[in-house]
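Data file: work_9.tsv. Format and content: TSV, C-alpha atoms.
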```tsv
chain	number	residue	atom	x	y	z
A	36	MET	CA	12.17	-32.57	-23.32
A	37	TYR	CA	9.10	-32.67	-25.52
A	38	GLY	CA	7.01	-33.64	-22.51
A	39	ARG	CA	8.16	-30.55	-20.61
A	40	VAL	CA	7.43	-28.31	-23.60
A	41	SER	CA	3.95	-29.81	-23.85
A	42	ILE	CA	3.27	-29.28	-20.15
A	43	SER	CA	4.50	-25.70	-20.39
A	44	ALA	CA	2.29	-25.05	-23.42
A	45	ASP	CA	-0.71	-26.55	-21.62
A	46	ALA	CA	-0.03	-24.39	-18.56
A	47	GLU	CA	0.23	-21.26	-20.70
A	48	ALA	CA	-3.01	-22.13	-22.50
A	49	SER	CA	-4.69	-22.65	-19.11
A	50	ARG	CA	-3.48	-19.25	-17.91
A	51	ARG	CA	-4.77	-17.54	-21.05
A	52	ARG	CA	-8.14	-19.25	-20.74
A	53	ALA	CA	-8.46	-18.31	-17.07
A	54	ARG	CA	-7.44	-14.70	-17.76
A	55	ARG	CA	-9.93	-14.45	-20.62
A	56	ASN	CA	-12.76	-15.85	-18.50
A	57	VAL	CA	-12.02	-13.50	-15.59
A	58	VAL	CA	-11.83	-10.44	-17.85
A	59	LEU	CA	-15.07	-11.42	-19.61
A	60	THR	CA	-16.83	-11.90	-16.27
A	61	ALA	CA	-15.58	-8.52	-15.00
A	62	ALA	CA	-16.59	-6.83	-18.26
A	63	ILE	CA	-20.14	-8.27	-18.20
A	64	ALA	CA	-20.63	-7.34	-14.54
A	65	GLY	CA	-19.13	-3.95	-15.36
A	66	LEU	CA	-22.12	-3.24	-17.60
A	67	GLY	CA	-23.86	-2.46	-14.32
A	68	GLY	CA	-21.41	0.41	-14.01
A	69	LEU	CA	-22.10	1.51	-17.58
A	70	LEU	CA	-25.82	1.69	-16.75
A	71	PHE	CA	-24.97	3.55	-13.54
A	72	GLY	CA	-23.05	6.11	-15.62
A	73	TYR	CA	-25.56	6.29	-18.46
A	74	ASP	CA	-28.63	6.79	-16.30
A	75	THR	CA	-26.94	9.42	-14.12
A	76	GLY	CA	-25.29	11.19	-17.05
A	77	VAL	CA	-28.15	11.20	-19.56
A	78	ILE	CA	-30.29	13.46	-17.41
A	79	ALA	CA	-27.73	16.25	-17.95
A	80	SER	CA	-28.71	16.54	-21.63
A	81	ALA	CA	-32.34	15.46	-21.28
A	82	LEU	CA	-33.02	18.04	-18.58
A	83	LEU	CA	-32.40	20.88	-21.03
A	84	PHE	CA	-35.58	19.81	-22.86
A	85	ILE	CA	-37.61	18.20	-20.05
A	86	LYS	CA	-37.68	21.47	-18.13
A	87	GLN	CA	-39.22	23.16	-21.19
A	88	ASP	CA	-41.78	20.43	-21.97
A	89	PHE	CA	-42.91	20.04	-18.35
A	90	ALA	CA	-42.32	23.69	-17.33
A	91	LEU	CA	-40.09	22.66	-14.43
A	92	GLY	CA	-38.86	25.14	-11.87
A	93	SER	CA	-35.50	24.83	-10.11
A	94	PHE	CA	-36.86	22.63	-7.31
A	95	ASP	CA	-38.70	20.31	-9.73
A	96	GLN	CA	-35.53	19.94	-11.81
A	97	GLY	CA	-33.63	19.04	-8.66
A	98	LEU	CA	-36.32	16.50	-7.77
A	99	VAL	CA	-36.13	14.79	-11.17
A	100	VAL	CA	-32.37	14.51	-10.75
A	101	ALA	CA	-32.44	13.58	-7.05
A	102	ALA	CA	-34.98	10.78	-7.57
A	103	VAL	CA	-32.16	8.50	-8.76
A	104	PRO	CA	-30.02	8.74	-5.61
A	105	ILE	CA	-33.13	8.36	-3.41
A	106	GLY	CA	-33.91	5.08	-5.15
A	107	ALA	CA	-30.23	4.07	-5.06
A	108	VAL	CA	-30.17	4.34	-1.26
A	109	GLY	CA	-33.06	1.87	-1.12
A	110	GLY	CA	-31.46	-0.41	-3.70
A	111	ALA	CA	-28.17	-0.49	-1.80
A	112	ALA	CA	-30.02	-1.26	1.44
A	113	ILE	CA	-31.64	-4.25	-0.24
A	114	ALA	CA	-28.49	-5.43	-2.01
A	115	GLY	CA	-26.32	-5.93	1.08
A	116	PRO	CA	-28.25	-8.65	2.91
A	117	ALA	CA	-29.92	-10.02	-0.25
A	118	ALA	CA	-26.54	-10.63	-1.91
A	119	ASP	CA	-25.57	-12.85	1.03
A	120	THR	CA	-28.84	-14.78	0.78
A	121	TYR	CA	-29.33	-15.08	-2.97
A	122	GLY	CA	-25.88	-14.39	-4.35
A	123	ARG	CA	-24.15	-11.44	-6.01
A	124	ARG	CA	-24.97	-12.69	-9.51
A	125	ARG	CA	-28.72	-12.78	-8.86
A	126	MET	CA	-28.64	-9.22	-7.51
A	127	ILE	CA	-26.99	-8.04	-10.73
A	128	LEU	CA	-29.61	-9.91	-12.78
A	129	LEU	CA	-32.36	-8.27	-10.74
A	130	ALA	CA	-30.73	-4.89	-11.31
A	131	ALA	CA	-30.82	-5.47	-15.08
A	132	VAL	CA	-34.57	-6.16	-15.02
A	133	VAL	CA	-35.27	-3.08	-12.89
A	134	PHE	CA	-33.07	-0.95	-15.19
A	135	ILE	CA	-35.19	-1.98	-18.20
A	136	VAL	CA	-38.46	-1.18	-16.43
A	137	GLY	CA	-37.20	2.21	-15.22
A	138	ALA	CA	-35.75	3.24	-18.59
A	139	LEU	CA	-38.89	2.44	-20.55
A	140	ALA	CA	-41.17	4.05	-17.95
A	141	SER	CA	-39.13	7.26	-17.89
A	142	ALA	CA	-39.17	7.47	-21.69
A	143	ALA	CA	-42.97	7.13	-21.71
A	144	ALA	CA	-43.62	9.49	-18.77
A	145	PRO	CA	-46.61	11.80	-19.47
A	146	GLY	CA	-45.70	14.21	-16.69
A	147	THR	CA	-43.38	15.09	-13.84
A	148	GLU	CA	-44.90	12.67	-11.30
A	149	VAL	CA	-44.45	9.56	-13.47
A	150	LEU	CA	-40.98	10.70	-14.51
A	151	VAL	CA	-39.89	11.07	-10.88
A	152	ILE	CA	-41.27	7.60	-10.02
A	153	ALA	CA	-39.52	6.07	-13.05
A	154	ARG	CA	-36.27	7.73	-12.03
A	155	LEU	CA	-36.75	6.31	-8.53
A	156	VAL	CA	-37.00	2.83	-10.08
A	157	ILE	CA	-33.80	3.44	-12.04
A	158	GLY	CA	-32.18	4.54	-8.79
A	159	VAL	CA	-33.12	1.23	-7.13
A	160	ALA	CA	-31.42	-0.60	-10.02
A	161	ILE	CA	-28.30	1.55	-9.68
A	162	GLY	CA	-28.20	0.89	-5.93
A	163	LEU	CA	-28.43	-2.85	-6.51
A	164	ALA	CA	-25.74	-2.81	-9.20
A	165	SER	CA	-23.32	-0.46	-7.42
A	166	ALA	CA	-23.45	-2.54	-4.22
A	167	ALA	CA	-23.32	-6.00	-5.83
A	168	ALA	CA	-21.20	-5.68	-9.00
A	169	PRO	CA	-17.90	-4.46	-7.47
A	170	VAL	CA	-18.11	-7.13	-4.76
A	171	TYR	CA	-18.85	-9.80	-7.39
A	172	ILE	CA	-15.87	-8.71	-9.50
A	173	SER	CA	-13.53	-8.60	-6.48
A	174	GLU	CA	-14.53	-12.15	-5.51
A	175	VAL	CA	-14.02	-13.49	-9.03
A	176	ALA	CA	-10.72	-11.70	-9.71
A	177	PRO	CA	-7.36	-13.18	-8.67
A	178	PRO	CA	-5.52	-11.11	-6.01
A	179	GLU	CA	-2.76	-9.88	-8.34
A	180	SER	CA	-5.24	-8.17	-10.70
A	181	ARG	CA	-8.09	-7.39	-8.31
A	182	GLY	CA	-7.48	-3.65	-8.17
A	183	ARG	CA	-7.45	-3.31	-11.94
A	184	LEU	CA	-10.48	-5.54	-12.51
A	185	VAL	CA	-12.67	-4.00	-9.79
A	186	SER	CA	-11.85	-0.63	-11.33
A	187	PHE	CA	-13.49	-1.91	-14.53
A	188	PHE	CA	-16.68	-0.93	-12.75
A	189	GLN	CA	-15.59	2.71	-12.43
A	190	LEU	CA	-14.29	2.67	-16.00
A	191	ALA	CA	-17.69	1.42	-17.14
A	192	VAL	CA	-19.34	4.24	-15.16
A	193	THR	CA	-17.24	6.84	-17.02
A	194	ILE	CA	-17.95	5.17	-20.39
A	195	GLY	CA	-21.65	5.21	-19.55
A	196	ILE	CA	-21.48	8.94	-18.80
A	197	LEU	CA	-19.66	9.60	-22.08
A	198	VAL	CA	-22.17	7.49	-24.04
A	199	ALA	CA	-24.99	9.43	-22.35
A	200	TYR	CA	-23.48	12.74	-23.48
A	201	LEU	CA	-23.00	11.41	-27.04
A	202	VAL	CA	-26.60	10.19	-27.14
A	203	GLY	CA	-27.69	13.60	-25.89
A	204	LEU	CA	-25.69	15.23	-28.67
A	205	ALA	CA	-27.21	12.90	-31.28
A	206	PHE	CA	-30.80	13.60	-30.21
A	207	ASN	CA	-30.28	17.30	-29.50
A	208	PRO	CA	-31.51	18.46	-32.96
A	209	ILE	CA	-34.94	16.84	-32.39
A	210	GLU	CA	-34.98	17.57	-28.64
A	211	GLY	CA	-35.52	13.81	-28.21
A	212	TRP	CA	-35.20	13.47	-24.46
A	213	ARG	CA	-37.51	10.43	-24.46
A	214	TRP	CA	-35.08	8.60	-26.75
A	215	MET	CA	-32.21	9.63	-24.50
A	216	LEU	CA	-33.86	8.10	-21.44
A	217	GLY	CA	-35.34	5.03	-23.16
A	218	LEU	CA	-32.11	3.85	-24.79
A	219	GLY	CA	-30.84	2.90	-21.33
A	220	ALA	CA	-32.87	-0.31	-21.75
A	221	VAL	CA	-30.42	-1.57	-24.42
A	222	PRO	CA	-27.31	-2.05	-22.22
A	223	ALA	CA	-29.61	-3.28	-19.44
A	224	LEU	CA	-30.81	-6.06	-21.72
A	225	ALA	CA	-27.19	-6.90	-22.57
A	226	LEU	CA	-26.33	-7.03	-18.85
A	227	GLY	CA	-29.22	-9.39	-18.12
A	228	ILE	CA	-28.41	-11.75	-20.99
A	229	GLY	CA	-24.69	-11.69	-20.22
A	230	MET	CA	-25.11	-12.44	-16.50
A	231	LEU	CA	-27.25	-15.49	-17.30
A	232	TRP	CA	-24.02	-17.12	-18.52
A	233	MET	CA	-21.77	-15.90	-15.73
A	234	PRO	CA	-20.87	-18.07	-12.70
A	235	GLN	CA	-21.78	-17.37	-9.11
A	236	SER	CA	-19.04	-15.89	-6.94
A	237	PRO	CA	-16.88	-18.78	-5.64
A	238	ARG	CA	-16.66	-17.07	-2.26
A	239	TRP	CA	-20.43	-16.86	-1.98
A	240	LEU	CA	-20.70	-20.52	-2.95
A	241	VAL	CA	-18.29	-21.45	-0.15
A	242	MET	CA	-20.31	-19.29	2.26
A	243	THR	CA	-23.41	-21.31	1.37
A	244	GLY	CA	-21.58	-24.61	1.80
A	245	ASP	CA	-21.45	-25.55	-1.90
A	246	ASP	CA	-17.74	-26.35	-2.16
A	247	PHE	CA	-18.29	-28.52	-5.26
A	248	ALA	CA	-19.77	-25.61	-7.26
A	249	ALA	CA	-17.09	-23.27	-5.92
A	250	ARG	CA	-14.39	-25.65	-7.13
A	251	ALA	CA	-16.04	-25.88	-10.58
A	252	THR	CA	-16.18	-22.07	-10.82
A	253	LEU	CA	-12.53	-21.70	-9.80
A	254	ALA	CA	-11.58	-24.28	-12.43
A	255	LYS	CA	-13.00	-21.91	-15.08
A	256	ILE	CA	-11.47	-18.65	-13.82
A	257	ARG	CA	-8.11	-19.87	-12.48
A	258	VAL	CA	-5.21	-21.91	-13.82
A	259	ASP	CA	-6.42	-25.51	-14.13
A	260	ASP	CA	-4.26	-26.81	-11.31
A	261	PRO	CA	-5.92	-28.83	-8.51
A	262	ASP	CA	-3.31	-27.73	-5.96
A	263	THR	CA	-3.84	-24.03	-6.75
A	264	ILE	CA	-7.62	-24.41	-6.56
A	265	ASP	CA	-7.35	-26.31	-3.26
A	266	MET	CA	-5.17	-23.53	-1.80
A	267	GLU	CA	-7.67	-20.84	-2.80
A	268	LEU	CA	-10.59	-22.83	-1.41
A	269	GLU	CA	-8.76	-23.16	1.90
A	270	GLU	CA	-8.02	-19.43	1.88
A	271	ILE	CA	-11.70	-18.65	1.27
A	272	LYS	CA	-12.77	-20.98	4.07
A	273	GLY	CA	-10.21	-19.41	6.36
A	274	SER	CA	-11.53	-15.91	5.64
A	275	ILE	CA	-15.05	-17.08	6.54
A	276	GLU	CA	-13.96	-18.83	9.71
A	277	ASP	CA	-11.78	-15.90	10.79
A	278	LYS	CA	-14.65	-14.07	12.51
A	279	PRO	CA	-13.72	-12.20	15.66
A	280	ALA	CA	-14.82	-14.28	18.62
A	281	ASN	CA	-17.51	-12.77	20.85
A	282	PRO	CA	-16.28	-11.93	24.35
A	283	PRO	CA	-17.83	-14.25	26.99
A	284	GLU	CA	-19.81	-11.50	28.62
A	285	SER	CA	-21.34	-10.40	25.29
A	286	PRO	CA	-23.66	-12.98	23.68
A	287	THR	CA	-24.31	-10.84	20.60
A	288	PRO	CA	-21.78	-10.29	17.80
A	289	PRO	CA	-20.55	-6.81	16.91
A	290	PRO	CA	-22.61	-5.16	14.14
A	291	PRO	CA	-21.21	-5.78	10.64
A	292	ALA	CA	-20.68	-2.08	9.93
A	293	PRO	CA	-17.74	-0.82	7.92
A	294	PRO	CA	-15.04	1.21	9.67
A	295	PRO	CA	-15.86	4.94	9.78
A	296	PRO	CA	-12.99	5.96	7.44
A	297	ARG	CA	-14.53	3.94	4.59
A	298	VAL	CA	-17.93	5.56	5.12
A	299	GLY	CA	-16.09	8.88	5.26
A	300	LEU	CA	-14.57	8.16	1.85
A	301	ALA	CA	-18.06	7.38	0.51
A	302	ILE	CA	-19.29	10.76	1.76
A	303	LEU	CA	-16.19	12.61	0.53
A	304	GLN	CA	-16.65	11.22	-2.98
A	305	GLN	CA	-20.01	12.99	-3.18
A	306	VAL	CA	-19.59	16.22	-1.20
A	307	THR	CA	-16.64	17.20	-3.38
A	308	GLY	CA	-19.30	17.79	-6.04
A	309	ILE	CA	-18.66	15.24	-8.79
A	310	ASN	CA	-22.32	14.54	-9.48
A	311	THR	CA	-23.12	18.24	-9.64
A	312	VAL	CA	-20.78	18.23	-12.63
A	313	ILE	CA	-22.15	14.96	-14.09
A	314	TYR	CA	-25.84	15.88	-13.67
A	315	TYR	CA	-25.55	19.53	-14.68
A	316	ALA	CA	-22.45	19.77	-16.94
A	317	PRO	CA	-24.28	21.31	-19.93
A	318	THR	CA	-26.21	23.65	-17.61
A	319	ILE	CA	-22.98	24.77	-15.90
A	320	ILE	CA	-21.40	25.39	-19.29
A	321	GLN	CA	-24.42	27.43	-20.39
A	322	PHE	CA	-23.99	29.61	-17.29
A	323	THR	CA	-20.55	30.63	-18.61
A	324	GLY	CA	-22.15	32.26	-21.64
A	325	ILE	CA	-22.44	29.37	-24.12
A	326	GLU	CA	-26.14	29.63	-24.89
A	327	SER	CA	-26.57	26.89	-27.51
A	328	ALA	CA	-27.76	23.57	-26.05
A	329	GLY	CA	-25.80	21.68	-28.72
A	330	ALA	CA	-22.56	23.53	-27.94
A	331	ALA	CA	-23.04	22.99	-24.20
A	332	ILE	CA	-23.62	19.25	-24.70
A	333	LEU	CA	-20.58	19.08	-27.03
A	334	ALA	CA	-18.42	20.67	-24.34
A	335	ALA	CA	-19.81	18.14	-21.87
A	336	VAL	CA	-18.74	15.36	-24.28
A	337	GLY	CA	-15.19	16.70	-23.97
A	338	VAL	CA	-15.48	16.44	-20.20
A	339	GLY	CA	-16.72	12.85	-20.60
A	340	ILE	CA	-13.78	11.91	-22.84
A	341	VAL	CA	-11.34	13.23	-20.23
A	342	ASN	CA	-13.18	11.22	-17.58
A	343	VAL	CA	-12.77	7.95	-19.52
A	344	GLY	CA	-9.16	8.66	-20.49
A	345	MET	CA	-8.00	9.43	-16.96
A	346	THR	CA	-9.84	6.41	-15.57
A	347	LEU	CA	-7.81	4.28	-17.98
A	348	VAL	CA	-4.70	5.92	-16.56
A	349	ALA	CA	-5.92	5.09	-13.05
A	350	LEU	CA	-6.32	1.42	-14.00
A	351	ARG	CA	-2.60	1.27	-14.77
A	352	LEU	CA	-1.56	3.17	-11.65
A	353	LEU	CA	-3.76	1.69	-8.91
A	354	ASP	CA	-1.70	-1.45	-8.36
A	355	ARG	CA	1.60	0.43	-8.85
A	356	ALA	CA	1.42	3.88	-7.28
A	357	GLY	CA	-0.92	2.86	-4.47
A	358	ARG	CA	-4.31	4.13	-3.34
A	359	ARG	CA	-3.07	6.77	-0.87
A	360	THR	CA	-0.71	8.48	-3.35
A	361	LEU	CA	-3.39	8.74	-6.02
A	362	LEU	CA	-5.87	10.12	-3.49
A	363	MET	CA	-3.48	12.88	-2.43
A	364	ILE	CA	-2.67	13.88	-6.02
A	365	GLY	CA	-6.28	13.71	-7.20
A	366	VAL	CA	-7.86	15.62	-4.34
A	367	SER	CA	-5.23	18.38	-4.70
A	368	GLY	CA	-6.12	18.71	-8.38
A	369	MET	CA	-9.82	18.87	-7.54
A	370	VAL	CA	-9.24	21.75	-5.11
A	371	ILE	CA	-7.22	23.73	-7.66
A	372	SER	CA	-9.76	23.22	-10.44
A	373	LEU	CA	-12.73	24.22	-8.29
A	374	VAL	CA	-10.98	27.43	-7.24
A	375	ALA	CA	-10.32	28.22	-10.92
A	376	LEU	CA	-13.95	27.43	-11.83
A	377	GLY	CA	-15.23	29.72	-9.09
A	378	ALA	CA	-12.94	32.49	-10.27
A	379	ALA	CA	-14.23	32.12	-13.83
A	380	PHE	CA	-17.82	32.64	-12.65
A	381	ILE	CA	-17.01	35.51	-10.29
A	382	GLY	CA	-14.69	37.53	-12.50
A	383	GLY	CA	-15.50	36.49	-16.05
A	384	GLY	CA	-18.99	37.87	-16.48
A	385	GLY	CA	-19.85	35.53	-19.36
A	386	SER	CA	-16.80	36.41	-21.45
A	387	THR	CA	-15.09	34.05	-23.86
A	388	ALA	CA	-12.12	33.78	-21.49
A	389	ALA	CA	-14.46	32.80	-18.65
A	390	SER	CA	-16.10	30.11	-20.81
A	391	ILE	CA	-12.73	28.62	-21.79
A	392	THR	CA	-11.48	28.74	-18.19
A	393	ALA	CA	-14.66	27.09	-16.93
A	394	VAL	CA	-14.53	24.25	-19.46
A	395	PHE	CA	-10.85	23.52	-18.80
A	396	SER	CA	-11.44	23.73	-15.04
A	397	LEU	CA	-14.22	21.16	-15.35
A	398	MET	CA	-11.90	18.91	-17.34
A	399	LEU	CA	-9.12	19.21	-14.75
A	400	TYR	CA	-11.60	18.54	-11.96
A	401	VAL	CA	-12.98	15.42	-13.65
A	402	ALA	CA	-9.47	14.21	-14.52
A	403	SER	CA	-8.37	14.59	-10.90
A	404	PHE	CA	-11.48	12.77	-9.65
A	405	ALA	CA	-11.01	9.98	-12.19
A	406	ILE	CA	-7.57	9.00	-10.84
A	407	SER	CA	-8.52	9.24	-7.18
A	408	LEU	CA	-11.91	9.32	-5.48
A	409	GLY	CA	-13.68	7.84	-8.52
A	410	PRO	CA	-12.17	4.35	-8.66
A	411	ILE	CA	-10.61	4.15	-5.19
A	412	PHE	CA	-13.84	4.36	-3.19
A	413	TRP	CA	-15.47	1.53	-5.16
A	414	LEU	CA	-12.28	-0.54	-4.97
A	415	LEU	CA	-11.88	-0.19	-1.20
A	416	ASN	CA	-15.61	-0.68	-0.66
A	417	ALA	CA	-15.40	-4.01	-2.48
A	418	GLU	CA	-12.12	-5.43	-1.18
A	419	ILE	CA	-11.37	-4.07	2.29
A	420	TYR	CA	-13.90	-5.96	4.40
A	421	PRO	CA	-13.66	-9.54	5.64
A	422	LEU	CA	-15.83	-11.96	3.67
A	423	TYR	CA	-18.34	-12.66	6.44
A	424	VAL	CA	-19.54	-9.01	6.40
A	425	ARG	CA	-18.46	-7.94	2.91
A	426	SER	CA	-21.85	-7.58	1.20
A	427	LYS	CA	-23.50	-5.90	4.19
A	428	ALA	CA	-20.57	-3.54	4.75
A	429	ALA	CA	-20.33	-2.68	1.05
A	430	GLY	CA	-24.09	-2.01	1.09
A	431	ILE	CA	-23.70	0.41	4.00
A	432	GLY	CA	-20.86	2.22	2.23
A	433	THR	CA	-22.94	2.43	-0.95
A	434	MET	CA	-25.95	3.72	1.00
A	435	ALA	CA	-23.82	6.49	2.52
A	436	ASN	CA	-22.50	7.37	-0.92
A	437	TRP	CA	-25.96	7.65	-2.47
A	438	THR	CA	-27.46	9.47	0.52
A	439	PHE	CA	-24.99	12.30	0.06
A	440	ASN	CA	-25.41	12.07	-3.71
A	441	PHE	CA	-29.10	12.83	-3.09
A	442	ILE	CA	-28.33	15.78	-0.81
A	443	VAL	CA	-25.88	17.27	-3.31
A	444	SER	CA	-28.08	16.75	-6.37
A	445	LEU	CA	-31.24	18.14	-4.74
A	446	THR	CA	-29.48	21.30	-3.54
A	447	SER	CA	-27.39	21.97	-6.64
A	448	CYS	CA	-30.08	23.15	-9.05
A	449	SER	CA	-31.13	26.46	-7.53
```

This entry written out as structure tokens:
Amino acid sequence: MYGRVSISADAEASRRRARRNVVLTAAIAGLGGLLFGYDTGVIASALLFIKQDFALGSFDQGLVVAAVPIGAVGGAAIAGPAADTYGRRRMILLAAVVFIVGALASAAAPGTEVLVIARLVIGVAIGLASAAAPVYISEVAPPESRGRLVSFFQLAVTIGILVAYLVGLAFNPIEGWRWMLGLGAVPALALGIGMLWMPQSPRWLVMTGDDFAARATLAKIRVDDPDTIDMELEEIKGSIEDKPANPPESPTPPPPAPPPPRVGLAILQQVTGINTVIYYAPTIIQFTGIESAGAAILAAVGVGIVNVGMTLVALRLLDRAGRRTLLMIGVSGMVISLVALGAAFIGGGGSTAASITAVFSLMLYVASFAISLGPIFWLLNAEIYPLYVRSKAAGIGTMANWTFNFIVSLTSCS
């Protein structure tokens, strides 16, 4: 009897340890998402003062904003094949270094040209992180909690956006846009240090033929049971070996491109306008008649809080309600909120009622996005593809996402 109790206690301790290690790994890798959110969101507040200091016109403002998605397309293009060669973990480490360089350079920029180049560098880091981090998390997470853990990345993005708005609010009195941009180096440093202690993806290790290291990694992030670890190793090997055979008449394999619906979801996430709201939230709010920069940034903070809160709701619902149901509900809410926002601009004429309607419409829009297109694209992009093309396919999906992010952001400020 005592022996059985002891075994049960040991098994429970092993489960707790494995769960703690997996959550810690997902949280550290998720800092890439926080940097993604911070460096895309901080420009919303900083731009209010940059455009005055550098006398930027509408096109130049759009270029400063659009430099990030341009760089992200390049970063995602690099991340796909490089993650297969060097590992997902090393790509995230590289992203951390590039984030630090870009943040410090943008804070020190003497003019528009240097600022645009620095924002391009930040974009490369975001492309690397957004292509590699969700895949890394999905390959570390156990199947039963994969949806929730991969969505840590999107939660971190929303937290990063909220932190960016709060930093903007804090430095608004001194118009300290350089501080706003430069502080992005702090979480980047934390990401780099944290990833130094994280393991390589066990699936990547199996792909490279290092079964011994893969087994050691699984022993840290799974229940310490040799049979369970053996079963997962066999499953990983099976997913690698399960490539579609080439037909005899075709000596070349089919291209490792993701199915068109997944690329379509990447495009849809952007053309519905989410980054217009993220990049220009204070500017949009000022258009409703709220002239104070501080008040506009404060209203944007409210939008950011809703974004984080509803993403937390999505984490609980993804593995219960299902991806399709949440997409239908969320997209419907986005349509309704955009119609209401348009009506506020057309009929309100800068009145108090129009300002209130616009702010609440933005909140409803962000809430609807946060439970649907926000987390679900990154989740599907990380988990849907077979292992032998996963990094390359995820890179292509991320490139499509950032390409349309660039188009939307460049054409929004006019």

Give me, as a count of residues only, all polymer residues having an atom no more than 12 Å from Ala328 of chain A, counting all atoms listed in the file and skipping those fewer than 5 positions away in the same chain. 25

Show me, as a list in words, the residues that have an atom within 8 Å of segment 336-352 of chain A when counting all atoms listed in the file, minus same-chain residues fewer than 6 positions from it. Gly182, Arg183, Ser186, Phe187, Gln189, Leu190, Thr193, Ile194, Ile196, Leu197, Tyr200, Leu201, Val394, Leu397, Met398, Val401, Ala402, Ser403, Ala405, Ile406, Ser407 and Pro410 of chain A

Close residues, Ser236 of chain A itself excluded, 10 Å, only C-alpha atoms, min 2 positions apart in chain, as a PDB file with C-alpha atoms, in the coordinates of the input:
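Written output follows (around.pdb):
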```pdb
ATOM      1  CA  GLY A 122     -25.880 -14.390  -4.350  1.00  0.00           C
ATOM      2  CA  ARG A 123     -24.150 -11.440  -6.010  1.00  0.00           C
ATOM      3  CA  ARG A 124     -24.970 -12.690  -9.510  1.00  0.00           C
ATOM      4  CA  VAL A 170     -18.110  -7.130  -4.760  1.00  0.00           C
ATOM      5  CA  TYR A 171     -18.850  -9.800  -7.390  1.00  0.00           C
ATOM      6  CA  ILE A 172     -15.870  -8.710  -9.500  1.00  0.00           C
ATOM      7  CA  SER A 173     -13.530  -8.600  -6.480  1.00  0.00           C
ATOM      8  CA  GLU A 174     -14.530 -12.150  -5.510  1.00  0.00           C
ATOM      9  CA  VAL A 175     -14.020 -13.490  -9.030  1.00  0.00           C
ATOM     10  CA  ALA A 176     -10.720 -11.700  -9.710  1.00  0.00           C
ATOM     11  CA  MET A 233     -21.770 -15.900 -15.730  1.00  0.00           C
ATOM     12  CA  PRO A 234     -20.870 -18.070 -12.700  1.00  0.00           C
ATOM     13  CA  ARG A 238     -16.660 -17.070  -2.260  1.00  0.00           C
ATOM     14  CA  TRP A 239     -20.430 -16.860  -1.980  1.00  0.00           C
ATOM     15  CA  LEU A 240     -20.700 -20.520  -2.950  1.00  0.00           C
ATOM     16  CA  VAL A 241     -18.290 -21.450  -0.150  1.00  0.00           C
ATOM     17  CA  MET A 242     -20.310 -19.290   2.260  1.00  0.00           C
ATOM     18  CA  ALA A 248     -19.770 -25.610  -7.260  1.00  0.00           C
ATOM     19  CA  ALA A 249     -17.090 -23.270  -5.920  1.00  0.00           C
ATOM     20  CA  THR A 252     -16.180 -22.070 -10.820  1.00  0.00           C
ATOM     21  CA  LEU A 253     -12.530 -21.700  -9.800  1.00  0.00           C
TER      22      LEU A 253
END
```

Considering only C-alpha atoms, state which residue in the set A:Val374, A:Ala144, A:Ala64, A:Ala379 is at the smallest distance from Ala225 of chain A. A:Ala64

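Note that the spacing between atom CA of Leu129 of chain A and atom CA of Arg154 of chain A amounts to 16.5 Å.
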
I need the residue nearest Phe412 of chain A from this list: A:Gln87, A:Thr392, A:Gln305, A:Asn440. Use all atoms listed in the file for the distance.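 Result for the nearest residue to Phe412 of chain A: A:Gln305.
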
Pick from A:Leu362, A:Val108, A:Ala331, A:Val57, whichever lies nearest to Ala435 of chain A using all atoms listed in the file: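 Smallest separation from Ala435 of chain A among the options: A:Val108.
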
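Going from atom CA of Ala107 of chain A over to atom CA of Pro237 of chain A, you cover 26.5 Å.
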
Quick one: pull the distance between atom CA of Asp95 of chain A and atom CA of Gly137 of chain A, Å, one decimal. 19.0 Å

Residue among A:Ile127, A:Ala48, A:Val149, A:Val202 lying closest to Gly229 of chain A, counting all atoms listed in the file: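 Using all atoms listed in the file, the shortest distance to Gly229 of chain A belongs to A:Ile127.
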
Given the choices A:Leu59, A:Leu163, A:Phe380, A:Gly76, which gets closest to Ile309 of chain A if the distance is worked out from only C-alpha atoms? A:Gly76

Would you mind telling me which residue in A:Val306, A:Ile325, A:Met369, A:Val424 lies nearest to Asn436 of chain A when using all atoms listed in the file? A:Val306

Excluding Ile264 of chain A and its own-chain neighbours fewer than 5 positions away, which residues fall within 12 Å of it when counting all atoms listed in the file? Please give them as JSON, numbers by chain. {"A": [177, 237, 246, 247, 249, 250, 251, 252, 253, 254, 255, 256, 257, 258, 259, 269, 270, 271]}

Would you put the residues from that selection into a file with C-alpha atoms, as an mmCIF file, keeping the file's coordinate frame?
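Writing done, so here's part05.cif:
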```cif
data_model
loop_
_atom_site.group_PDB
_atom_site.id
_atom_site.type_symbol
_atom_site.label_atom_id
_atom_site.label_comp_id
_atom_site.auth_asym_id
_atom_site.auth_seq_id
_atom_site.Cartn_x
_atom_site.Cartn_y
_atom_site.Cartn_z
ATOM 1 C CA PRO A 177 -7.360 -13.180 -8.670
ATOM 2 C CA PRO A 237 -16.880 -18.780 -5.640
ATOM 3 C CA ASP A 246 -17.740 -26.350 -2.160
ATOM 4 C CA PHE A 247 -18.290 -28.520 -5.260
ATOM 5 C CA ALA A 249 -17.090 -23.270 -5.920
ATOM 6 C CA ARG A 250 -14.390 -25.650 -7.130
ATOM 7 C CA ALA A 251 -16.040 -25.880 -10.580
ATOM 8 C CA THR A 252 -16.180 -22.070 -10.820
ATOM 9 C CA LEU A 253 -12.530 -21.700 -9.800
ATOM 10 C CA ALA A 254 -11.580 -24.280 -12.430
ATOM 11 C CA LYS A 255 -13.000 -21.910 -15.080
ATOM 12 C CA ILE A 256 -11.470 -18.650 -13.820
ATOM 13 C CA ARG A 257 -8.110 -19.870 -12.480
ATOM 14 C CA VAL A 258 -5.210 -21.910 -13.820
ATOM 15 C CA ASP A 259 -6.420 -25.510 -14.130
ATOM 16 C CA GLU A 269 -8.760 -23.160 1.900
ATOM 17 C CA GLU A 270 -8.020 -19.430 1.880
ATOM 18 C CA ILE A 271 -11.700 -18.650 1.270
#
```
